[in-house]
file coords.txt (compact mmCIF, C-alpha atoms and all ligand atoms)
# COMPACT_ATOMS: atom_id res chain seq x y z
CA MET L 1 138.54 126.83 -10.51
CA LYS L 2 137.79 126.44 -6.81
CA LEU L 3 136.60 129.65 -5.21
CA SER L 4 137.64 130.68 -1.70
CA PHE L 5 134.16 132.04 -0.82
CA LYS L 6 130.58 130.84 -1.06
CA THR L 7 128.27 131.64 -3.95
CA MET L 8 124.54 131.48 -4.69
CA ASP L 9 125.00 127.77 -5.44
CA ASP L 10 125.76 127.12 -1.78
CA VAL L 11 122.56 128.52 -0.26
CA ASP L 12 118.83 127.95 -0.41
CA LEU L 13 117.25 131.09 -1.82
CA LYS L 14 113.61 130.03 -2.00
CA GLY L 15 111.31 132.27 0.04
CA LYS L 16 114.31 133.88 1.78
CA ARG L 17 114.58 137.54 2.80
CA VAL L 18 117.67 138.55 0.88
CA LEU L 19 119.68 141.77 1.17
CA ILE L 20 121.79 142.31 -1.93
CA ARG L 21 124.52 144.95 -2.35
CA VAL L 22 125.22 145.78 -5.99
CA ASP L 23 127.33 148.38 -7.79
CA MET L 24 125.13 150.27 -10.23
CA ASN L 25 127.20 153.44 -9.99
CA CYS L 26 126.60 154.85 -13.49
CA SER L 27 128.03 157.67 -15.60
CA ILE L 28 125.69 160.64 -15.12
CA ASP L 29 125.37 163.66 -17.41
CA PRO L 30 126.53 166.53 -15.18
CA GLU L 31 123.89 168.88 -16.61
CA THR L 32 120.75 166.79 -17.06
CA LYS L 33 121.61 164.37 -14.22
CA LYS L 34 120.43 161.54 -16.47
CA ILE L 35 122.12 158.12 -16.61
CA ILE L 36 124.38 158.06 -19.70
CA ASP L 37 125.43 154.43 -19.53
CA ASP L 38 123.45 151.65 -17.85
CA SER L 39 125.89 148.76 -18.38
CA ARG L 40 126.50 148.30 -14.66
CA ILE L 41 122.72 147.93 -14.15
CA ARG L 42 122.51 145.38 -16.97
CA ALA L 43 125.41 143.44 -15.43
CA ILE L 44 123.45 142.59 -12.27
CA ILE L 45 120.32 141.36 -14.07
CA PRO L 46 121.41 137.66 -14.18
CA THR L 47 121.80 137.69 -10.38
CA LEU L 48 118.42 139.35 -9.85
CA GLU L 49 116.76 136.91 -12.25
CA GLU L 50 117.98 134.04 -10.11
CA LEU L 51 116.29 135.62 -7.11
CA LYS L 52 112.75 135.45 -8.53
CA ASP L 53 111.68 133.14 -5.64
CA SER L 54 113.12 135.36 -2.92
CA ARG L 55 112.08 138.59 -1.18
CA VAL L 56 114.81 140.95 -2.26
CA THR L 57 116.01 144.30 -0.93
CA LEU L 58 118.72 145.98 -2.98
CA MET L 59 121.34 148.39 -1.71
CA ALA L 60 123.70 150.46 -3.86
CA HIS L 61 125.54 153.77 -4.13
CA GLN L 62 125.72 156.45 -6.82
CA GLY L 63 128.61 158.95 -6.82
CA ARG L 64 130.26 160.37 -3.75
CA PRO L 65 129.00 163.07 -1.35
CA GLY L 66 129.66 166.44 -3.01
CA SER L 67 130.21 165.07 -6.53
CA ASP L 68 128.12 165.91 -9.64
CA ASP L 69 126.87 162.34 -9.93
CA PHE L 70 125.68 162.03 -6.32
CA ILE L 71 122.01 161.41 -7.08
CA SER L 72 119.02 159.33 -5.97
CA LEU L 73 118.58 155.71 -7.09
CA GLU L 74 115.08 156.37 -8.41
CA PRO L 75 116.21 156.51 -12.09
CA HIS L 76 118.19 153.30 -11.61
CA THR L 77 115.00 151.63 -10.32
CA GLU L 78 113.19 152.75 -13.46
CA ILE L 79 115.92 151.15 -15.63
CA LEU L 80 115.67 147.92 -13.62
CA ARG L 81 111.94 147.90 -14.40
CA GLN L 82 112.62 148.45 -18.11
CA LEU L 83 114.97 145.47 -17.96
CA GLY L 84 112.19 143.23 -16.65
CA ILE L 85 112.83 143.37 -12.89
CA ASN L 86 109.81 143.94 -10.65
CA ALA L 87 111.57 146.80 -8.84
CA ILE L 88 110.11 149.39 -6.48
CA PHE L 89 111.89 152.29 -4.84
CA VAL L 90 111.81 153.67 -1.30
CA ASP L 91 113.31 157.03 -0.46
CA ASP L 92 114.92 155.83 2.76
CA ILE L 93 117.84 153.59 3.75
CA PHE L 94 117.31 152.22 7.26
CA GLY L 95 114.64 154.46 8.83
CA ASP L 96 111.04 153.45 9.66
CA LYS L 97 109.91 153.97 6.06
CA ALA L 98 112.58 151.61 4.71
CA LYS L 99 111.97 149.02 7.41
CA ALA L 100 108.21 149.00 6.74
CA ALA L 101 108.82 148.65 2.99
CA ILE L 102 111.31 145.79 3.59
CA GLN L 103 108.71 143.90 5.66
CA ARG L 104 106.20 144.29 2.81
CA VAL L 105 108.46 142.97 -0.01
CA SER L 106 106.81 139.99 -1.61
CA ILE L 107 108.32 137.05 -3.49
CA GLY L 108 109.70 138.15 -6.84
CA GLU L 109 109.81 141.82 -5.87
CA VAL L 110 113.00 143.90 -5.59
CA LEU L 111 112.89 146.85 -3.22
CA VAL L 112 115.56 149.43 -4.05
CA LEU L 113 116.71 151.47 -1.04
CA GLN L 114 117.89 155.07 -1.45
CA ASN L 115 121.57 155.78 -2.33
CA VAL L 116 123.40 154.22 0.62
CA ARG L 117 125.99 157.04 0.59
CA TYR L 118 123.26 159.49 1.66
CA PHE L 119 124.07 157.96 5.05
CA GLU L 120 127.30 159.62 6.18
CA GLY L 121 128.59 156.56 8.08
CA GLU L 122 128.73 154.61 4.81
CA MET L 123 131.87 156.53 3.78
CA LYS L 124 133.74 155.15 6.81
CA LYS L 125 136.47 152.67 5.89
CA ALA L 126 137.56 150.17 8.54
CA SER L 127 137.63 146.44 9.27
CA PRO L 128 134.39 144.47 8.74
CA GLU L 129 133.96 144.08 12.52
CA ILE L 130 134.17 147.84 13.06
CA VAL L 131 131.93 148.95 10.18
CA ALA L 132 129.41 146.28 11.23
CA GLN L 133 128.71 148.49 14.27
CA GLU L 134 127.34 151.28 12.05
CA PRO L 135 123.56 151.84 12.46
CA LEU L 136 123.06 150.97 8.78
CA VAL L 137 124.11 147.39 9.52
CA GLN L 138 122.71 147.10 13.04
CA GLU L 139 119.25 148.42 12.08
CA LEU L 140 118.87 146.34 8.94
CA TYR L 141 120.48 142.94 9.42
CA PRO L 142 117.75 141.47 11.70
CA LEU L 143 115.29 141.88 8.81
CA PHE L 144 117.17 139.42 6.54
CA ASP L 145 118.11 135.75 6.25
CA LEU L 146 120.97 136.19 3.82
CA PHE L 147 123.37 138.79 2.40
CA ILE L 148 124.51 138.59 -1.22
CA ASN L 149 127.35 140.83 -2.31
CA ASP L 150 127.42 141.44 -6.05
CA ALA L 151 129.10 144.87 -5.94
CA PHE L 152 132.29 143.99 -7.78
CA GLY L 153 132.93 147.64 -8.76
CA ALA L 154 133.18 148.57 -5.07
CA ALA L 155 135.04 145.40 -4.00
CA HIS L 156 138.05 147.45 -2.86
CA ARG L 157 136.03 149.51 -0.37
CA SER L 158 135.94 148.29 3.22
CA GLN L 159 132.73 150.21 3.91
CA PRO L 160 129.66 149.20 5.98
CA SER L 161 127.41 148.11 3.10
CA ILE L 162 130.23 146.18 1.39
CA VAL L 163 131.81 144.26 4.28
CA GLY L 164 129.74 145.07 7.42
CA PHE L 165 126.83 142.70 6.76
CA THR L 166 129.21 139.77 6.19
CA VAL L 167 129.96 139.79 9.94
CA VAL L 168 126.33 139.40 11.02
CA LEU L 169 124.56 137.50 8.21
CA PRO L 170 125.31 134.36 6.21
CA SER L 171 126.98 135.91 3.16
CA VAL L 172 127.70 134.77 -0.39
CA ALA L 173 128.90 136.29 -3.66
CA GLY L 174 126.45 137.17 -6.41
CA ARG L 175 126.89 135.94 -9.99
CA LEU L 176 128.71 139.07 -11.18
CA VAL L 177 131.33 138.95 -8.41
CA GLU L 178 131.76 135.23 -9.06
CA ARG L 179 132.26 135.74 -12.80
CA GLU L 180 134.63 138.71 -12.42
CA ILE L 181 136.84 136.80 -9.97
CA ARG L 182 136.91 133.70 -12.18
CA VAL L 183 137.74 135.62 -15.37
CA LEU L 184 140.28 137.98 -13.79
CA THR L 185 142.03 135.12 -11.97
CA GLU L 186 142.35 133.20 -15.23
CA ALA L 187 143.45 136.26 -17.20
CA THR L 188 146.20 137.13 -14.76
CA ALA L 189 147.53 133.58 -14.33
CA THR L 190 150.29 134.12 -16.86
CA GLU L 191 154.03 134.41 -16.49
CA LYS L 192 154.28 136.33 -19.76
CA HIS L 193 155.58 139.90 -19.93
CA PRO L 194 155.47 142.82 -20.58
CA TRP L 195 152.50 143.88 -18.46
CA THR L 196 151.15 147.32 -19.25
CA LEU L 197 148.81 149.41 -17.16
CA VAL L 198 146.95 152.27 -18.86
CA LEU L 199 145.75 154.59 -16.12
CA GLY L 200 143.73 157.75 -16.66
CA GLY L 201 140.61 159.56 -15.52
CA SER L 202 140.01 161.32 -12.21
CA LYS L 203 139.85 159.84 -8.63
CA VAL L 204 143.55 160.74 -8.68
CA ALA L 205 144.31 160.16 -4.98
CA ASP L 206 142.98 156.59 -5.13
CA LYS L 207 144.75 155.80 -8.37
CA VAL L 208 148.13 157.04 -7.18
CA LYS L 209 147.86 154.76 -4.15
CA THR L 210 146.99 151.75 -6.33
CA LEU L 211 149.78 152.58 -8.79
CA SER L 212 152.22 152.80 -5.90
CA ARG L 213 151.19 149.31 -4.68
CA LEU L 214 151.53 147.87 -8.20
CA LEU L 215 154.98 149.37 -8.68
CA LYS L 216 156.20 148.19 -5.29
CA ALA L 217 154.92 144.67 -6.06
CA ASN L 218 156.94 144.77 -9.35
CA ARG L 219 153.71 143.76 -11.07
CA ILE L 220 153.89 146.01 -14.12
CA ASP L 221 156.51 146.85 -16.74
CA HIS L 222 154.88 150.01 -18.11
CA ALA L 223 152.39 152.46 -16.61
CA LEU L 224 151.01 154.72 -19.35
CA LEU L 225 149.38 157.71 -17.71
CA GLY L 226 146.71 160.09 -18.99
CA GLY L 227 143.70 162.09 -17.81
CA LEU L 228 144.08 163.90 -14.49
CA VAL L 229 146.46 161.18 -13.29
CA GLY L 230 148.76 162.10 -16.19
CA THR L 231 148.39 165.79 -15.38
CA LEU L 232 149.46 165.14 -11.77
CA PHE L 233 152.65 163.37 -12.85
CA LEU L 234 153.45 166.02 -15.47
CA ILE L 235 153.26 168.64 -12.70
CA ALA L 236 155.26 166.42 -10.32
CA LYS L 237 158.02 166.18 -12.94
CA GLY L 238 157.98 169.95 -13.53
CA ILE L 239 156.91 169.56 -17.17
CA ILE L 240 153.76 171.67 -16.82
CA PRO L 241 153.00 174.43 -14.27
CA GLU L 242 151.20 173.79 -10.99
CA ASP L 243 148.24 175.92 -12.18
CA TYR L 244 147.04 172.79 -13.96
CA SER L 245 146.41 171.11 -10.57
CA ARG L 246 143.09 172.94 -10.01
CA PRO L 247 140.75 170.06 -10.99
CA ILE L 248 142.76 167.51 -8.98
CA LYS L 249 141.25 166.67 -5.58
CA GLY L 250 143.83 165.81 -2.90
CA PHE L 251 146.64 167.30 -5.02
CA ASP L 252 149.13 168.12 -2.25
CA GLU L 253 149.36 164.59 -0.88
CA ALA L 254 149.15 162.97 -4.31
CA VAL L 255 151.93 165.12 -5.82
CA ALA L 256 154.35 164.15 -3.05
CA THR L 257 153.68 160.45 -3.73
CA ALA L 258 153.97 161.03 -7.48
CA LYS L 259 157.40 162.67 -7.08
CA GLY L 260 158.63 159.70 -5.05
CA LEU L 261 157.34 157.22 -7.63
CA LEU L 262 158.97 159.12 -10.50
CA GLU L 263 162.28 158.92 -8.68
CA ASP L 264 161.97 155.22 -7.82
CA TYR L 265 160.44 153.94 -11.08
CA PRO L 266 161.64 156.26 -13.87
CA ASP L 267 161.64 153.48 -16.47
CA VAL L 268 158.20 152.10 -15.68
CA ILE L 269 156.17 155.30 -15.52
CA VAL L 270 155.49 156.66 -19.01
CA LEU L 271 154.14 160.21 -19.31
CA PRO L 272 152.43 162.04 -22.17
CA VAL L 273 154.87 163.85 -24.49
CA ASP L 274 152.38 166.29 -26.02
CA ALA L 275 148.96 167.77 -25.40
CA ALA L 276 145.56 168.62 -26.80
CA VAL L 277 144.23 171.84 -25.27
CA GLU L 278 141.06 173.84 -25.76
CA VAL L 279 141.35 177.17 -27.55
CA ASP L 280 138.17 178.98 -28.70
CA ALA L 281 136.13 175.84 -28.03
CA LYS L 282 138.37 173.85 -30.42
CA ARG L 283 140.96 171.06 -30.01
CA VAL L 284 144.49 172.37 -30.54
CA GLU L 285 147.39 169.92 -30.47
CA CYS L 286 150.69 171.32 -29.20
CA SER L 287 153.79 170.75 -27.11
CA PHE L 288 153.60 171.38 -23.35
CA THR L 289 155.55 174.62 -23.71
CA GLU L 290 152.99 175.98 -26.21
CA MET L 291 149.88 175.42 -24.02
CA GLY L 292 149.78 179.03 -22.80
CA GLY L 293 147.53 178.17 -19.85
CA ALA L 294 144.75 176.71 -22.06
CA PRO L 295 142.83 173.80 -20.48
CA LEU L 296 144.62 170.48 -21.00
CA PHE L 297 141.86 168.09 -22.11
CA ASP L 298 143.58 165.19 -23.91
CA ILE L 299 146.85 163.54 -24.89
CA GLY L 300 148.35 164.64 -28.21
CA PRO L 301 149.24 162.63 -31.37
CA ALA L 302 152.86 161.87 -30.42
CA THR L 303 151.67 160.45 -27.09
CA ILE L 304 149.03 158.35 -28.85
CA GLU L 305 151.70 156.88 -31.13
CA LYS L 306 154.08 156.19 -28.24
CA TYR L 307 151.36 154.52 -26.14
CA ARG L 308 150.15 152.53 -29.16
CA GLU L 309 153.57 150.97 -29.72
CA ILE L 310 153.93 149.93 -26.08
CA ILE L 311 150.37 148.51 -25.94
CA ILE L 312 150.73 146.50 -29.14
CA GLY L 313 154.00 144.95 -27.88
CA SER L 314 152.48 143.91 -24.52
CA GLU L 315 151.43 140.42 -23.38
CA VAL L 316 149.00 141.77 -20.77
CA VAL L 317 147.21 145.13 -20.77
CA PHE L 318 144.94 146.48 -18.02
CA ALA L 319 143.22 149.81 -18.66
CA ASN L 320 141.23 152.01 -16.32
CA GLY L 321 140.14 155.60 -16.83
CA PRO L 322 139.99 157.81 -19.95
CA MET L 323 142.98 159.71 -21.37
CA GLY L 324 141.08 163.00 -21.52
CA LEU L 325 137.73 164.76 -21.42
CA PHE L 326 136.17 161.98 -23.50
CA GLU L 327 132.60 163.25 -22.94
CA ARG L 328 133.44 166.01 -25.46
CA GLU L 329 133.97 164.54 -28.91
CA PRO L 330 137.14 166.47 -29.90
CA PHE L 331 138.83 165.42 -26.69
CA SER L 332 137.85 161.76 -26.91
CA ILE L 333 140.50 161.02 -29.56
CA GLY L 334 143.23 159.98 -27.11
CA THR L 335 140.93 157.56 -25.29
CA ARG L 336 139.54 156.14 -28.55
CA GLU L 337 142.97 155.59 -30.07
CA VAL L 338 144.28 153.92 -26.91
CA LEU L 339 141.23 151.60 -26.96
CA ASN L 340 141.86 150.85 -30.65
CA ALA L 341 145.45 149.92 -29.76
CA ILE L 342 144.25 147.68 -26.92
CA ALA L 343 141.82 146.00 -29.34
CA SER L 344 144.72 145.34 -31.74
CA CYS L 345 146.96 143.84 -29.05
CA ASP L 346 147.30 140.04 -29.31
CA GLY L 347 147.91 139.59 -25.59
CA ILE L 348 145.41 139.44 -22.70
CA THR L 349 143.50 142.69 -22.48
CA VAL L 350 141.23 143.87 -19.67
CA VAL L 351 139.34 147.15 -19.79
CA GLY L 352 137.69 148.26 -16.56
CA GLY L 353 135.42 150.99 -15.27
CA GLY L 354 132.17 152.53 -16.43
CA HIS L 355 133.63 155.13 -18.81
CA LEU L 356 135.99 152.89 -20.78
CA GLY L 357 133.54 149.99 -20.74
CA ALA L 358 130.85 152.18 -22.30
CA MET L 359 133.27 153.46 -24.96
CA VAL L 360 134.31 149.94 -25.89
CA GLN L 361 130.62 149.15 -26.47
CA HIS L 362 130.06 152.29 -28.57
CA MET L 363 133.16 151.57 -30.64
CA SER L 364 132.04 147.93 -31.19
CA LEU L 365 135.34 146.60 -29.82
CA VAL L 366 133.81 144.17 -27.33
CA ASP L 367 134.86 141.04 -29.27
CA LYS L 368 138.44 142.26 -29.57
CA ILE L 369 139.06 142.63 -25.83
CA THR L 370 139.59 139.66 -23.48
CA HIS L 371 137.40 141.03 -20.67
CA ILE L 372 135.35 144.16 -20.08
CA SER L 373 135.21 144.42 -16.33
CA THR L 374 132.51 146.29 -14.41
CA GLY L 375 135.21 147.29 -11.94
CA GLY L 376 137.48 150.30 -12.38
CA GLY L 377 139.50 150.79 -9.20
CA ALA L 378 138.45 147.31 -8.08
CA THR L 379 139.89 145.69 -11.21
CA VAL L 380 143.22 147.49 -10.98
CA ASN L 381 143.34 146.65 -7.26
CA PHE L 382 142.79 143.02 -8.15
CA ILE L 383 146.27 142.88 -9.73
CA THR L 384 148.03 144.32 -6.69
CA SER L 385 149.08 141.71 -4.17
CA LYS L 386 146.42 142.92 -1.70
CA LYS L 387 143.22 140.87 -1.57
CA LEU L 388 140.04 142.81 -2.39
CA ASP L 389 138.22 143.76 0.84
CA LEU L 390 134.93 142.29 -0.39
CA ILE L 391 136.59 138.92 -1.09
CA ALA L 392 138.42 138.83 2.24
CA ALA L 393 135.10 139.54 4.01
CA LEU L 394 133.26 136.83 2.06
CA GLU L 395 136.02 134.32 2.87
CA ALA L 396 135.71 135.10 6.59
CA ALA L 397 131.93 134.77 6.33
CA ALA L 398 132.29 131.39 4.58
CA SER L 399 134.43 130.08 7.42
CA ARG L 400 131.66 131.06 9.88
CA MET L 401 128.82 129.52 7.85
C1 LIG N 1 133.56 152.81 -9.00
O1 LIG N 1 132.90 153.47 -9.82
O2 LIG N 1 134.78 152.62 -9.13
C2 LIG N 1 132.83 152.15 -7.86
O3 LIG N 1 131.47 152.32 -7.96
C3 LIG N 1 133.36 152.65 -6.53
O4 LIG N 1 133.10 154.02 -6.40
P1 LIG N 1 134.03 154.92 -5.48
O5 LIG N 1 135.38 155.00 -6.15
O6 LIG N 1 133.35 156.23 -5.37
O7 LIG N 1 134.15 154.22 -4.14
call {"tool": "encode", "arguments": {"input": "coords.txt", "output": "structure tokens"}}
result
Amino acid sequence: MKLSFKTMDDVDLKGKRVLIRVDMNCSIDPETKKIIDDSRIRAIIPTLEELKDSRVTLMAHQGRPGSDDFISLEPHTEILRQLGINAIFVDDIFGDKAKAAIQRVSIGEVLVLQNVRYFEGEMKKASPEIVAQEPLVQELYPLFDLFINDAFGAAHRSQPSIVGFTVVLPSVAGRLVEREIRVLTEATATEKHPWTLVLGGSKVADKVKTLSRLLKANRIDHALLGGLVGTLFLIAKGIIPEDYSRPIKGFDEAVATAKGLLEDYPDVIVLPVDAAVEVDAKRVECSFTEMGGAPLFDIGPATIEKYREIIIGSEVVFANGPMGLFEREPFSIGTREVLNAIASCDGITVVGGGHLGAMVQHMSLVDKITHISTGGGATVNFITSKKLDLIAALEAAASRM
């Protein structure tokens, strides 16, 4: 397959000062703040191993400002070391301390900069040319010969560290981005139907926008909803009371979109038909009318059965986001059973995102799924008709190189 952007095969890496952007955004235990799953860190090791003759500075994010998992990249650096990478950490992004450390990086060393989202301007989303004006890009790019983007998980974010450097430095894809694009392109090159999207988890505002694009592009036949995304649509349809919207960020805007989508695509959107709520710290399965205000933490058994039938009969299944509060064992049943159904499906199956990817590993289902993608939102965005921002930026960079 011919790629539309340049890769590490197209550049000389020896002795070069390389800036690499990766996605090692991991699941973090909200209480201990420890990394629960390091699969995204493991996924970038092949790229880093190929850079043993270069002077490497690594940039990445963890969480979002204000979220529970918005922490320093020091523990990630420690895991990189345990995985055999000669990594050192600097608690700075583009200040004097970072610049001095970047100048000192020797061949074979990987300097990890602090969480790039500690810099407020990183959250800006605009065209590559505009975000390239941010001080993060302007202060750092003169210190490098080459930019490698291997942050597949954040490929749908037109933010300074993802697309800005591609405007001012020769830029290529890392091995992970290359592999994800190859595998996902092959997996989706099928005319077969039905296509089923299983969409759960949080980040509701983002997911509703992606779902809307997918529906408008007539890309999917079934959208099975769970997690907070499911909760939003249940409220939008008037099945459960609005009190359940409390954990949903950006509810007001998202619920308006959800109502419109329910009207326009009533046969494609499939909602849970029963619930699992928490009563006295226990899982209680019930109908929506019996919830009595108890926290809704998972899909119920009738929903599992309904979703299972649709998944098994599908030719293509994409899944992103858990069906419930999977971190707590009793409420992980919905997510587990949906993954079991995906593993039993004979069609093409792609599971994306840190949470589901980690569960697939724990459940030993890896061999039964076509592709475990490191991308969550990025992977679902891949199947909309819109090109991923990271790829568009690398293509433009290739035409300049
Ligand atoms: C992800 O986990 O999907 C990526 O790391 C992107 O994170 P974001 O949704 O906070 O931009």
call {"tool": "residues_around", "arguments": {"input": "coords.txt", "residues": "His156 (chain L)", "least_positions_apart": "2", "cutoff": "12 Å", "atoms": "all atoms listed in the file", "output": "compact mmCIF listing (two decimals) with C-alpha atoms, in the coordinates of the input"}}
result
# COMPACT_ATOMS: atom_id res chain seq x y z
CA ASP L 23 127.33 148.38 -7.79
CA LYS L 125 136.47 152.67 5.89
CA ALA L 126 137.56 150.17 8.54
CA ALA L 151 129.10 144.87 -5.94
CA PHE L 152 132.29 143.99 -7.78
CA GLY L 153 132.93 147.64 -8.76
CA ALA L 154 133.18 148.57 -5.07
CA SER L 158 135.94 148.29 3.22
CA GLN L 159 132.73 150.21 3.91
CA ILE L 162 130.23 146.18 1.39
CA VAL L 163 131.81 144.26 4.28
CA ASP L 206 142.98 156.59 -5.13
CA THR L 210 146.99 151.75 -6.33
CA GLY L 375 135.21 147.29 -11.94
CA GLY L 376 137.48 150.30 -12.38
CA GLY L 377 139.50 150.79 -9.20
CA ALA L 378 138.45 147.31 -8.08
CA THR L 379 139.89 145.69 -11.21
CA VAL L 380 143.22 147.49 -10.98
CA ASN L 381 143.34 146.65 -7.26
CA PHE L 382 142.79 143.02 -8.15
CA ILE L 383 146.27 142.88 -9.73
CA THR L 384 148.03 144.32 -6.69
CA LYS L 386 146.42 142.92 -1.70
CA LYS L 387 143.22 140.87 -1.57
CA LEU L 388 140.04 142.81 -2.39
CA ASP L 389 138.22 143.76 0.84
CA LEU L 390 134.93 142.29 -0.39
CA ILE L 391 136.59 138.92 -1.09
CA ALA L 392 138.42 138.83 2.24
CA ALA L 393 135.10 139.54 4.01
call {"tool": "residues_around", "arguments": {"input": "coords.txt", "residues": "Glu178 (chain L)", "least_positions_apart": "4", "cutoff": "9 Å", "atoms": "all atoms listed in the file", "output": "list in words"}}
result
Leu3, Thr7, Asp150, Phe152, Ala173, Gly174, Arg182 and Val183 of chain L
call {"tool": "residues_around", "arguments": {"input": "coords.txt", "residues": "Ala98 (chain L)", "least_positions_apart": "3", "cutoff": "10 Å", "atoms": "all atoms listed in the file", "output": "number ranges by chain"}}
result
L: 57, 89-95, 101-104, 111-114, 140
call {"tool": "axis_aligned_box", "arguments": {"input": "coords.txt", "around": "ligand LIG 1 (chain N)", "padding_each_side": "6 Å", "output": "AutoDock Vina command-line options"}}
result
--center_x 133.4 --center_y 154.2 --center_z -7.0 --size_x 15.9 --size_y 16.1 --size_z 17.7
call {"tool": "closest_residue", "arguments": {"input": "coords.txt", "among": "L:Ser287, L:Ser344, L:Thr188, L:Ser212", "to": "Ala258 (chain L)", "atoms": "all atoms listed in the file"}}
result
L:Ser212
